[in-house]
>>> print(open('final31.cif').read())   # mmCIF, C-alpha atoms
data_target
loop_
_atom_site.group_PDB
_atom_site.id
_atom_site.type_symbol
_atom_site.label_atom_id
_atom_site.label_comp_id
_atom_site.auth_asym_id
_atom_site.auth_seq_id
_atom_site.Cartn_x
_atom_site.Cartn_y
_atom_site.Cartn_z
ATOM 1 C CA MET N 1 5.604 -10.876 -28.349
ATOM 2 C CA ILE N 2 3.251 -7.970 -27.530
ATOM 3 C CA TYR N 3 -0.207 -8.996 -26.346
ATOM 4 C CA SER N 4 -2.563 -6.746 -28.272
ATOM 5 C CA ASN N 5 -5.740 -8.826 -28.623
ATOM 6 C CA GLU N 6 -8.198 -6.892 -26.462
ATOM 7 C CA THR N 7 -10.210 -9.994 -25.493
ATOM 8 C CA GLU N 8 -7.080 -11.647 -24.112
ATOM 9 C CA ASN N 9 -5.637 -8.717 -22.180
ATOM 10 C CA LEU N 10 -6.358 -7.888 -18.568
ATOM 11 C CA ARG N 11 -6.940 -4.122 -18.521
ATOM 12 C CA ILE N 12 -5.328 -2.452 -15.492
ATOM 13 C CA ALA N 13 -5.991 1.180 -14.600
ATOM 14 C CA VAL N 14 -3.151 2.932 -12.774
ATOM 15 C CA GLN N 15 -2.550 6.525 -11.760
ATOM 16 C CA LYS N 16 -1.010 8.544 -14.603
ATOM 17 C CA THR N 17 1.015 10.800 -12.306
ATOM 18 C CA GLY N 18 1.347 11.138 -8.559
ATOM 19 C CA ARG N 19 2.396 9.177 -5.513
ATOM 20 C CA LEU N 20 0.890 5.861 -6.620
ATOM 21 C CA SER N 21 1.998 5.897 -10.255
ATOM 22 C CA GLU N 22 5.656 5.002 -9.805
ATOM 23 C CA LYS N 23 5.020 2.395 -7.101
ATOM 24 C CA SER N 24 2.265 0.724 -9.119
ATOM 25 C CA LEU N 25 4.427 0.444 -12.236
ATOM 26 C CA THR N 26 7.417 -0.755 -10.204
ATOM 27 C CA LEU N 27 5.287 -3.502 -8.654
ATOM 28 C CA ILE N 28 4.031 -4.620 -12.069
ATOM 29 C CA GLU N 29 7.578 -4.671 -13.449
ATOM 30 C CA GLU N 30 8.838 -6.603 -10.398
ATOM 31 C CA THR N 31 6.401 -9.385 -11.291
ATOM 32 C CA GLY N 32 8.449 -9.868 -14.458
ATOM 33 C CA ILE N 33 6.050 -8.068 -16.793
ATOM 34 C CA ARG N 34 7.703 -5.929 -19.455
ATOM 35 C CA LEU N 35 5.665 -3.005 -20.766
ATOM 36 C CA THR N 36 6.000 -0.990 -23.946
ATOM 37 C CA GLN N 37 8.054 2.048 -22.959
ATOM 38 C CA GLU N 38 6.190 4.625 -25.012
ATOM 39 C CA GLY N 39 2.872 3.689 -23.451
ATOM 40 C CA LYS N 40 2.681 6.355 -20.768
ATOM 41 C CA LEU N 41 2.730 9.146 -23.342
ATOM 42 C CA LYS N 42 -0.076 7.461 -25.260
ATOM 43 C CA LEU N 43 -2.036 6.743 -22.048
ATOM 44 C CA VAL N 44 -1.900 3.004 -22.815
ATOM 45 C CA SER N 45 0.925 0.486 -22.390
ATOM 46 C CA VAL N 46 0.791 -3.165 -23.458
ATOM 47 C CA GLY N 47 2.516 -6.142 -21.859
ATOM 48 C CA GLN N 48 5.276 -7.620 -24.008
ATOM 49 C CA ASN N 49 5.418 -10.969 -22.214
ATOM 50 C CA PHE N 50 2.142 -11.131 -20.253
ATOM 51 C CA PRO N 51 -1.450 -10.403 -21.388
ATOM 52 C CA VAL N 52 -2.037 -7.038 -19.706
ATOM 53 C CA GLU N 53 -2.886 -3.574 -20.922
ATOM 54 C CA ILE N 54 -2.138 -0.588 -18.666
ATOM 55 C CA LEU N 55 -4.461 2.422 -18.802
ATOM 56 C CA PHE N 56 -2.985 5.625 -17.333
ATOM 57 C CA LEU N 57 -5.745 7.659 -15.662
ATOM 58 C CA ARG N 58 -6.319 10.270 -12.977
ATOM 59 C CA ASP N 59 -6.571 8.469 -9.641
ATOM 60 C CA ASN N 60 -10.056 9.805 -8.872
ATOM 61 C CA ASP N 61 -11.312 8.457 -12.229
ATOM 62 C CA ILE N 62 -10.092 4.892 -11.667
ATOM 63 C CA PRO N 63 -13.077 3.653 -9.568
ATOM 64 C CA GLN N 64 -15.486 4.905 -12.259
ATOM 65 C CA TYR N 65 -13.562 3.252 -15.109
ATOM 66 C CA VAL N 66 -13.515 -0.061 -13.225
ATOM 67 C CA ALA N 67 -17.207 0.231 -12.321
ATOM 68 C CA ASP N 68 -18.029 0.894 -15.993
ATOM 69 C CA ASN N 69 -15.966 -2.143 -17.061
ATOM 70 C CA VAL N 70 -13.634 0.025 -19.140
ATOM 71 C CA ALA N 71 -10.826 -1.372 -16.970
ATOM 72 C CA ASP N 72 -10.969 -4.848 -15.434
ATOM 73 C CA ILE N 73 -9.008 -3.872 -12.337
ATOM 74 C CA GLY N 74 -7.392 -0.759 -10.914
ATOM 75 C CA ILE N 75 -4.560 0.045 -8.526
ATOM 76 C CA VAL N 76 -5.697 3.018 -6.486
ATOM 77 C CA GLY N 77 -5.705 4.479 -2.993
ATOM 78 C CA GLU N 78 -8.459 3.092 -0.779
ATOM 79 C CA ASN N 79 -9.401 6.687 0.037
ATOM 80 C CA GLU N 80 -10.518 7.188 -3.577
ATOM 81 C CA VAL N 81 -12.583 3.999 -3.443
ATOM 82 C CA MET N 82 -14.330 5.197 -0.287
ATOM 83 C CA GLU N 83 -14.917 8.697 -1.644
ATOM 84 C CA LYS N 84 -16.249 7.689 -5.078
ATOM 85 C CA ASP N 85 -18.370 4.868 -3.600
ATOM 86 C CA LYS N 86 -18.713 3.030 -6.911
ATOM 87 C CA PRO N 87 -19.839 -0.621 -7.287
ATOM 88 C CA VAL N 88 -16.340 -2.123 -7.246
ATOM 89 C CA ASP N 89 -14.758 -4.825 -5.089
ATOM 90 C CA ILE N 90 -11.484 -4.561 -3.185
ATOM 91 C CA ILE N 91 -9.626 -7.642 -4.430
ATOM 92 C CA ASP N 92 -6.338 -7.204 -2.613
ATOM 93 C CA ARG N 93 -4.387 -4.862 -0.357
ATOM 94 C CA LEU N 94 -0.874 -3.986 -1.447
ATOM 95 C CA GLY N 95 0.623 -2.576 1.746
ATOM 96 C CA PHE N 96 2.206 0.563 0.271
ATOM 97 C CA ALA N 97 1.094 4.201 0.011
ATOM 98 C CA ARG N 98 -0.262 3.946 3.538
ATOM 99 C CA CYS N 99 -1.792 7.097 4.954
ATOM 100 C CA ARG N 100 -4.688 8.318 7.065
ATOM 101 C CA LEU N 101 -7.494 10.775 6.494
ATOM 102 C CA SER N 102 -7.641 13.179 9.395
ATOM 103 C CA LEU N 103 -9.188 16.371 10.694
ATOM 104 C CA ALA N 104 -6.728 19.148 11.473
ATOM 105 C CA ILE N 105 -7.055 22.597 12.982
ATOM 106 C CA PRO N 106 -4.716 25.599 13.510
ATOM 107 C CA GLN N 107 -2.056 24.921 16.138
ATOM 108 C CA SER N 108 -3.105 28.003 18.077
ATOM 109 C CA LEU N 109 -6.577 26.625 18.846
ATOM 110 C CA GLU N 110 -7.462 24.458 21.811
ATOM 111 C CA TYR N 111 -9.118 21.139 20.971
ATOM 112 C CA LYS N 112 -11.343 19.375 23.508
ATOM 113 C CA GLY N 113 -13.187 16.905 21.297
ATOM 114 C CA LEU N 114 -15.407 16.456 18.264
ATOM 115 C CA SER N 115 -17.857 19.084 19.484
ATOM 116 C CA PHE N 116 -15.213 21.609 18.369
ATOM 117 C CA PHE N 117 -16.423 21.134 14.774
ATOM 118 C CA ASN N 118 -20.061 22.038 15.429
ATOM 119 C CA GLY N 119 -20.831 25.115 13.356
ATOM 120 C CA LYS N 120 -17.360 25.182 11.802
ATOM 121 C CA LYS N 121 -16.333 25.289 8.136
ATOM 122 C CA ILE N 122 -14.182 22.357 7.023
ATOM 123 C CA ALA N 123 -12.253 22.313 3.729
ATOM 124 C CA THR N 124 -11.628 18.964 2.050
ATOM 125 C CA THR N 125 -11.190 17.040 -1.169
ATOM 126 C CA TYR N 126 -13.154 14.145 0.351
ATOM 127 C CA PRO N 127 -16.628 15.500 1.159
ATOM 128 C CA LYS N 128 -18.439 12.123 1.123
ATOM 129 C CA ILE N 129 -16.091 10.464 3.610
ATOM 130 C CA LEU N 130 -16.199 13.548 5.828
ATOM 131 C CA GLN N 131 -19.988 13.906 5.676
ATOM 132 C CA LYS N 132 -20.444 10.265 6.649
ATOM 133 C CA PHE N 133 -18.130 10.735 9.634
ATOM 134 C CA LEU N 134 -19.903 13.901 10.731
ATOM 135 C CA ASN N 135 -23.313 12.228 10.427
ATOM 136 C CA GLU N 136 -22.174 9.230 12.467
ATOM 137 C CA ASN N 137 -20.978 11.559 15.223
ATOM 138 C CA LYS N 138 -23.961 13.954 15.015
ATOM 139 C CA ILE N 139 -21.760 16.925 14.144
ATOM 140 C CA GLU N 140 -23.275 19.852 12.236
ATOM 141 C CA ALA N 141 -20.552 21.468 10.139
ATOM 142 C CA GLU N 142 -20.283 23.183 6.773
ATOM 143 C CA ILE N 143 -18.155 21.366 4.204
ATOM 144 C CA HIS N 144 -16.186 23.335 1.610
ATOM 145 C CA GLU N 145 -15.088 21.029 -1.237
ATOM 146 C CA ILE N 146 -11.868 22.175 -2.902
ATOM 147 C CA SER N 147 -9.639 20.341 -5.374
ATOM 148 C CA GLY N 148 -6.194 21.100 -4.004
ATOM 149 C CA SER N 149 -4.015 22.928 -1.465
ATOM 150 C CA VAL N 150 -6.480 22.073 1.281
ATOM 151 C CA GLU N 151 -3.938 22.834 3.989
ATOM 152 C CA ILE N 152 -3.901 26.591 3.257
ATOM 153 C CA ALA N 153 -7.672 26.986 3.708
ATOM 154 C CA PRO N 154 -7.555 28.055 7.393
ATOM 155 C CA SER N 155 -4.750 30.598 6.875
ATOM 156 C CA ILE N 156 -6.631 32.412 4.081
ATOM 157 C CA GLY N 157 -9.936 32.408 5.972
ATOM 158 C CA LEU N 158 -11.708 29.877 3.747
ATOM 159 C CA ALA N 159 -12.287 27.364 6.541
ATOM 160 C CA ASP N 160 -11.809 26.789 10.261
ATOM 161 C CA ALA N 161 -10.375 23.286 9.800
ATOM 162 C CA ILE N 162 -9.383 20.791 7.118
ATOM 163 C CA PHE N 163 -9.953 17.120 6.383
ATOM 164 C CA ASP N 164 -7.168 15.641 4.271
ATOM 165 C CA ILE N 165 -4.644 12.869 3.703
ATOM 166 C CA VAL N 166 -1.832 12.722 6.258
ATOM 167 C CA SER N 167 1.330 10.662 5.821
ATOM 168 C CA SER N 168 4.241 12.043 7.844
ATOM 169 C CA GLY N 169 2.381 15.123 9.074
ATOM 170 C CA SER N 170 5.101 17.493 7.843
ATOM 171 C CA THR N 171 2.712 19.353 5.523
ATOM 172 C CA LEU N 172 0.412 20.092 8.450
ATOM 173 C CA ILE N 173 3.287 21.363 10.566
ATOM 174 C CA SER N 174 4.597 23.607 7.797
ATOM 175 C CA ASN N 175 1.129 25.163 7.537
ATOM 176 C CA ARG N 176 0.816 25.543 11.333
ATOM 177 C CA LEU N 177 -1.882 22.916 11.646
ATOM 178 C CA LYS N 178 -2.251 20.016 14.046
ATOM 179 C CA GLU N 179 -3.937 16.663 13.516
ATOM 180 C CA VAL N 180 -6.748 16.138 16.032
ATOM 181 C CA GLU N 181 -8.906 13.262 14.733
ATOM 182 C CA VAL N 182 -8.060 10.261 12.534
ATOM 183 C CA VAL N 183 -11.190 9.358 10.570
ATOM 184 C CA CYS N 184 -9.916 6.365 8.576
ATOM 185 C CA TYR N 185 -6.833 4.699 7.127
ATOM 186 C CA SER N 186 -5.905 4.055 3.520
ATOM 187 C CA GLU N 187 -3.402 2.105 1.431
ATOM 188 C CA ALA N 188 -2.984 1.039 -2.181
ATOM 189 C CA VAL N 189 -5.563 -1.570 -3.152
ATOM 190 C CA VAL N 190 -6.505 -3.599 -6.196
ATOM 191 C CA ILE N 191 -10.143 -3.059 -7.145
ATOM 192 C CA GLY N 192 -12.142 -5.099 -9.627
ATOM 193 C CA ASN N 193 -15.444 -5.443 -11.415
ATOM 194 C CA SER N 194 -17.626 -8.491 -10.764
ATOM 195 C CA LYS N 195 -18.604 -8.494 -14.474
ATOM 196 C CA MET N 196 -15.061 -9.371 -15.520
ATOM 197 C CA PRO N 197 -15.024 -12.203 -18.097
ATOM 198 C CA GLU N 198 -13.794 -15.580 -16.845
ATOM 199 C CA SER N 199 -10.846 -15.478 -19.262
ATOM 200 C CA ARG N 200 -9.601 -12.271 -17.631
ATOM 201 C CA LYS N 201 -10.267 -13.589 -14.125
ATOM 202 C CA ARG N 202 -7.814 -16.386 -14.885
ATOM 203 C CA ILE N 203 -5.214 -13.829 -15.982
ATOM 204 C CA LEU N 204 -5.922 -11.832 -12.814
ATOM 205 C CA GLN N 205 -5.244 -14.882 -10.638
ATOM 206 C CA GLN N 206 -1.887 -15.366 -12.364
ATOM 207 C CA LEU N 207 -1.065 -11.698 -11.794
ATOM 208 C CA LEU N 208 -2.079 -11.813 -8.115
ATOM 209 C CA PHE N 209 0.088 -14.913 -7.639
ATOM 210 C CA ARG N 210 3.074 -12.952 -8.936
ATOM 211 C CA ILE N 211 2.218 -9.869 -6.884
ATOM 212 C CA HIS N 212 1.996 -11.905 -3.673
ATOM 213 C CA ALA N 213 5.403 -13.447 -4.398
ATOM 214 C CA VAL N 214 6.901 -9.956 -4.755
ATOM 215 C CA LEU N 215 5.179 -8.535 -1.654
ATOM 216 C CA ASN N 216 6.109 -11.566 0.485
ATOM 217 C CA ALA N 217 9.727 -11.080 -0.552
ATOM 218 C CA LYS N 218 9.659 -7.405 0.443
ATOM 219 C CA ASN N 219 8.316 -8.292 3.894
ATOM 220 C CA ASN N 220 10.935 -10.954 4.630
ATOM 221 C CA LYS N 221 14.704 -11.393 4.712
ATOM 222 C CA TYR N 222 16.806 -14.518 4.190
ATOM 223 C CA ILE N 223 19.169 -14.978 7.103
ATOM 224 C CA LEU N 224 22.280 -17.156 7.495
ATOM 225 C CA LEU N 225 24.270 -17.570 10.696
ATOM 226 C CA ASN N 226 26.720 -19.786 12.544
ATOM 227 C CA ALA N 227 25.893 -21.001 16.040
ATOM 228 C CA PRO N 228 27.236 -23.361 18.708
ATOM 229 C CA ASN N 229 25.326 -26.649 18.779
ATOM 230 C CA GLU N 230 24.363 -26.243 22.444
ATOM 231 C CA SER N 231 22.339 -23.161 21.458
ATOM 232 C CA LEU N 232 20.528 -24.738 18.497
ATOM 233 C CA GLU N 233 17.328 -25.482 20.409
ATOM 234 C CA ASN N 234 17.005 -21.881 21.622
ATOM 235 C CA ILE N 235 17.921 -20.431 18.226
ATOM 236 C CA THR N 236 15.511 -22.750 16.427
ATOM 237 C CA ALA N 237 12.725 -21.454 18.662
ATOM 238 C CA VAL N 238 13.633 -17.906 17.634
ATOM 239 C CA LEU N 239 13.986 -18.806 13.940
ATOM 240 C CA PRO N 240 11.052 -20.994 12.956
ATOM 241 C CA GLY N 241 11.289 -19.890 9.321
ATOM 242 C CA MET N 242 8.500 -20.958 7.000
ATOM 243 C CA LYS N 243 8.424 -24.407 8.643
ATOM 244 C CA SER N 244 11.754 -24.802 10.469
ATOM 245 C CA PRO N 245 15.304 -23.532 9.920
ATOM 246 C CA THR N 246 17.747 -25.389 7.696
ATOM 247 C CA ILE N 247 20.636 -26.675 9.844
ATOM 248 C CA MET N 248 23.949 -27.869 8.388
ATOM 249 C CA PRO N 249 27.076 -28.928 10.320
ATOM 250 C CA LEU N 250 30.207 -26.813 9.930
ATOM 251 C CA ALA N 251 33.727 -28.147 9.492
ATOM 252 C CA GLU N 252 34.495 -26.839 12.991
ATOM 253 C CA LYS N 253 33.269 -29.385 15.514
ATOM 254 C CA GLY N 254 30.415 -28.245 17.735
ATOM 255 C CA TRP N 255 29.138 -25.587 15.334
ATOM 256 C CA SER N 256 26.361 -25.477 12.752
ATOM 257 C CA SER N 257 25.087 -23.125 10.062
ATOM 258 C CA LEU N 258 21.407 -22.120 10.119
ATOM 259 C CA HIS N 259 19.386 -20.700 7.230
ATOM 260 C CA SER N 260 15.939 -19.214 7.695
ATOM 261 C CA VAL N 261 13.501 -16.447 6.748
ATOM 262 C CA VAL N 262 12.759 -13.526 9.070
ATOM 263 C CA ASN N 263 9.837 -11.135 8.860
ATOM 264 C CA GLU N 264 10.921 -7.517 8.372
ATOM 265 C CA ASN N 265 8.790 -6.309 11.301
ATOM 266 C CA GLU N 266 10.480 -8.727 13.720
ATOM 267 C CA PHE N 267 13.975 -8.501 12.278
ATOM 268 C CA TRP N 268 15.879 -6.436 14.872
ATOM 269 C CA ASP N 269 14.282 -8.127 17.884
ATOM 270 C CA ILE N 270 15.248 -11.512 16.455
ATOM 271 C CA ILE N 271 18.821 -10.411 15.719
ATOM 272 C CA LYS N 272 19.200 -9.273 19.321
ATOM 273 C CA LYS N 273 18.068 -12.684 20.620
ATOM 274 C CA LEU N 274 20.336 -14.543 18.206
ATOM 275 C CA LYS N 275 23.346 -12.609 19.455
ATOM 276 C CA GLU N 276 22.388 -13.439 23.049
ATOM 277 C CA TYR N 277 22.402 -17.155 22.147
ATOM 278 C CA GLY N 278 25.892 -16.932 20.640
ATOM 279 C CA ALA N 279 25.111 -16.608 16.944
ATOM 280 C CA GLN N 280 28.007 -15.353 14.825
ATOM 281 C CA GLY N 281 28.624 -14.334 11.215
ATOM 282 C CA ILE N 282 25.008 -13.309 10.676
ATOM 283 C CA LEU N 283 24.285 -12.544 7.020
ATOM 284 C CA VAL N 284 21.062 -10.920 5.858
ATOM 285 C CA ILE N 285 20.086 -11.268 2.196
ATOM 286 C CA PRO N 286 17.145 -9.619 0.415
ATOM 287 C CA ILE N 287 14.662 -11.955 -1.271
ATOM 288 C CA GLU N 288 13.617 -11.265 -4.850
ATOM 289 C CA LYS N 289 10.522 -13.510 -4.926
ATOM 290 C CA MET N 290 8.948 -15.653 -2.210
ATOM 291 C CA ILE N 291 6.355 -18.329 -2.982
ATOM 292 C CA VAL N 292 4.427 -19.522 0.076
#
>>> encode(input="final31.cif", output="structure tokens")
Amino acid sequence: MIYSNETENLRIAVQKTGRLSEKSLTLIEETGIRLTQEGKLKLVSVGQNFPVEILFLRDNDIPQYVADNVADIGIVGENEVMEKDKPVDIIDRLGFARCRLSLAIPQSLEYKGLSFFNGKKIATTYPKILQKFLNENKIEAEIHEISGSVEIAPSIGLADAIFDIVSSGSTLISNRLKEVEVVCYSEAVVIGNSKMPESRKRILQQLLFRIHAVLNAKNNKYILLNAPNESLENITAVLPGMKSPTIMPLAEKGWSSLHSVVNENEFWDIIKKLKEYGAQGILVIPIEKMIV
């Protein structure tokens, strides 16, 4: 069944192309939602088994479409939300597409602090965020707004410095620039409109429930191990799990099997401690969905 009744569909704006497009669509599909395959060419895709309608837009247009109630929600970089400054609410943070917006200057120049930027020309795609930062720090600089290839501005004499998105920093290095000030951080967020009808808010809550189950699974691993009974107290302290580990006796006397969930960020430290307490046969299994 394809949900095509406009009043019943939750309209979701996602980036048509670019770094967020693939990850946004993958997340939606991982929640079990099947989309019409031809949709991306038509700029609209409809859910086949869930009442959603995907609108494929330029990322910098998404805040405006959500603010105008053309889309109920949008998946977009927080940097675009800050720059466009439209009347939208950040409903949720998705934890991917993390980056920072930073000031960078040629590697050959000495940097002694923010006063460096007084009287300088700064090229950026994010003039509002930059102007706010400069105002807060009482820096007088000239902002050159350009739409792309910001990193080449100093080398062609257009600007003395740049303000742009930084992920790994490799683009800066390849253009002989160095990052000197981090202004703010960004990640993929879900934005919404407070004027959303109640019927669509209920669909949104169902969608967010599914999204959280997917994201929780990505951040955790299911772990199984065998351990001597005399070490169970120490291992249990290391492996609290969601409440406490599952412990089952093994056929071999004096040994037990433990099952638990480990957070991805703590994984290797926990494995090291488990080995110290005599754990053996440690198996790590990815989790598809995790309801907490």
>>> resolve_selection(input="final31.cif", expression="the PyMOL selection byres ((chain N and resi 168-182) around 10)", output="PyMOL selection string")
chain N and resi 99-109+111-114+151-155+161-167+183-185
>>> write_last_selection(input="final31.cif", atoms="C-alpha atoms", output="PDB file, in the frame of the given file")
ATOM      1  CA  CYS N  99      -1.792   7.097   4.954  1.00  0.00           C
ATOM      2  CA  ARG N 100      -4.688   8.318   7.065  1.00  0.00           C
ATOM      3  CA  LEU N 101      -7.494  10.775   6.494  1.00  0.00           C
ATOM      4  CA  SER N 102      -7.641  13.179   9.395  1.00  0.00           C
ATOM      5  CA  LEU N 103      -9.188  16.371  10.694  1.00  0.00           C
ATOM      6  CA  ALA N 104      -6.728  19.148  11.473  1.00  0.00           C
ATOM      7  CA  ILE N 105      -7.055  22.597  12.982  1.00  0.00           C
ATOM      8  CA  PRO N 106      -4.716  25.599  13.510  1.00  0.00           C
ATOM      9  CA  GLN N 107      -2.056  24.921  16.138  1.00  0.00           C
ATOM     10  CA  SER N 108      -3.105  28.003  18.077  1.00  0.00           C
ATOM     11  CA  LEU N 109      -6.577  26.625  18.846  1.00  0.00           C
ATOM     12  CA  TYR N 111      -9.118  21.139  20.971  1.00  0.00           C
ATOM     13  CA  LYS N 112     -11.343  19.375  23.508  1.00  0.00           C
ATOM     14  CA  GLY N 113     -13.187  16.905  21.297  1.00  0.00           C
ATOM     15  CA  LEU N 114     -15.407  16.456  18.264  1.00  0.00           C
ATOM     16  CA  GLU N 151      -3.938  22.834   3.989  1.00  0.00           C
ATOM     17  CA  ILE N 152      -3.901  26.591   3.257  1.00  0.00           C
ATOM     18  CA  ALA N 153      -7.672  26.986   3.708  1.00  0.00           C
ATOM     19  CA  PRO N 154      -7.555  28.055   7.393  1.00  0.00           C
ATOM     20  CA  SER N 155      -4.750  30.598   6.875  1.00  0.00           C
ATOM     21  CA  ALA N 161     -10.375  23.286   9.800  1.00  0.00           C
ATOM     22  CA  ILE N 162      -9.383  20.791   7.118  1.00  0.00           C
ATOM     23  CA  PHE N 163      -9.953  17.120   6.383  1.00  0.00           C
ATOM     24  CA  ASP N 164      -7.168  15.641   4.271  1.00  0.00           C
ATOM     25  CA  ILE N 165      -4.644  12.869   3.703  1.00  0.00           C
ATOM     26  CA  VAL N 166      -1.832  12.722   6.258  1.00  0.00           C
ATOM     27  CA  SER N 167       1.330  10.662   5.821  1.00  0.00           C
ATOM     28  CA  VAL N 183     -11.190   9.358  10.570  1.00  0.00           C
ATOM     29  CA  CYS N 184      -9.916   6.365   8.576  1.00  0.00           C
ATOM     30  CA  TYR N 185      -6.833   4.699   7.127  1.00  0.00           C
TER      31      TYR N 185
END
>>> axis_aligned_box(input="final31.cif", around="region 197-210 of chain N", padding_each_side="5 Å", output="AutoDock Vina command-line options")
--center_x -6.0 --center_y -14.0 --center_z -13.5 --size_x 28.1 --size_y 14.7 --size_z 21.6
>>> residues_near_point(input="final31.cif", point="(-3.9, -0.1, -13.0)", cutoff="7 Å", atoms="only C-alpha atoms", output="VMD selection string")
chain N and resid 12 to 15 54 to 55 73 to 75
>>> resolve_selection(input="final31.cif", expression="the PyMOL selection byres ((chain N and resi 206-212) around 8)", output="NGL selection string")
:N and (27-28 or 31 or 202-205 or 213-216 or 291)
>>> resolve_selection(input="final31.cif", expression="the PyMOL selection byres ((chain N and resi 280) around 10)", output="compact mmCIF listing (two decimals) with C-alpha atoms, in the frame of the given file")
# COMPACT_ATOMS: atom_id res chain seq x y z
CA LEU N 224 22.28 -17.16 7.50
CA LEU N 225 24.27 -17.57 10.70
CA ASN N 226 26.72 -19.79 12.54
CA ALA N 227 25.89 -21.00 16.04
CA PRO N 228 27.24 -23.36 18.71
CA SER N 257 25.09 -23.12 10.06
CA LEU N 274 20.34 -14.54 18.21
CA LYS N 275 23.35 -12.61 19.45
CA TYR N 277 22.40 -17.16 22.15
CA GLY N 278 25.89 -16.93 20.64
CA ALA N 279 25.11 -16.61 16.94
CA GLY N 281 28.62 -14.33 11.22
CA ILE N 282 25.01 -13.31 10.68
CA LEU N 283 24.28 -12.54 7.02
>>> residues_around(input="final31.cif", residues="Arg98 (chain N)", least_positions_apart="3", cutoff="7 Å", atoms="all atoms listed in the file", output="mmCIF file with C-alpha atoms, keeping the file's coordinate frame")
data_model
loop_
_atom_site.group_PDB
_atom_site.id
_atom_site.type_symbol
_atom_site.label_atom_id
_atom_site.label_comp_id
_atom_site.auth_asym_id
_atom_site.auth_seq_id
_atom_site.Cartn_x
_atom_site.Cartn_y
_atom_site.Cartn_z
ATOM 1 C CA GLY N 95 0.623 -2.576 1.746
ATOM 2 C CA SER N 186 -5.905 4.055 3.520
ATOM 3 C CA GLU N 187 -3.402 2.105 1.431
ATOM 4 C CA ALA N 188 -2.984 1.039 -2.181
#
>>> closest_residue(input="final31.cif", among="N:Ala159, N:Leu94, N:Val52, N:Ile139", to="Ala123 (chain N)", atoms="all atoms listed in the file")
N:Ala159
>>> atom_distance(input="final31.cif", atom1="CA of Lys221 (chain N)", atom2="CA of Ile271 (chain N)")
11.8 Å
>>> atom_distance(input="final31.cif", atom1="CA of Gly32 (chain N)", atom2="CA of Phe96 (chain N)")
19.1 Å
>>> atom_distance(input="final31.cif", atom1="CA of Pro249 (chain N)", atom2="CA of Asn219 (chain N)")
28.6 Å
>>> residues_around(input="final31.cif", residues="Glu233 (chain N)", least_positions_apart="4", cutoff="12 Å", atoms="all atoms listed in the file", output="PyMOL selection string")
chain N and resi 227-229+237-240+244-245+247+256+258+274+277
>>> residues_around(input="final31.cif", residues="region 146-148 of chain N", least_positions_apart="4", cutoff="9 Å", atoms="all atoms listed in the file", output="ChimeraX atom specification")
/N:123-126
>>> closest_residue(input="final31.cif", among="N:Val190, N:Val88, N:Leu250, N:Val261", to="Asn220 (chain N)", atoms="all atoms listed in the file")
N:Val261
>>> closest_residue(input="final31.cif", among="N:Ser115, N:Asn9, N:Asn234, N:Ser260", to="Pro51 (chain N)", atoms="only C-alpha atoms")
N:Asn9
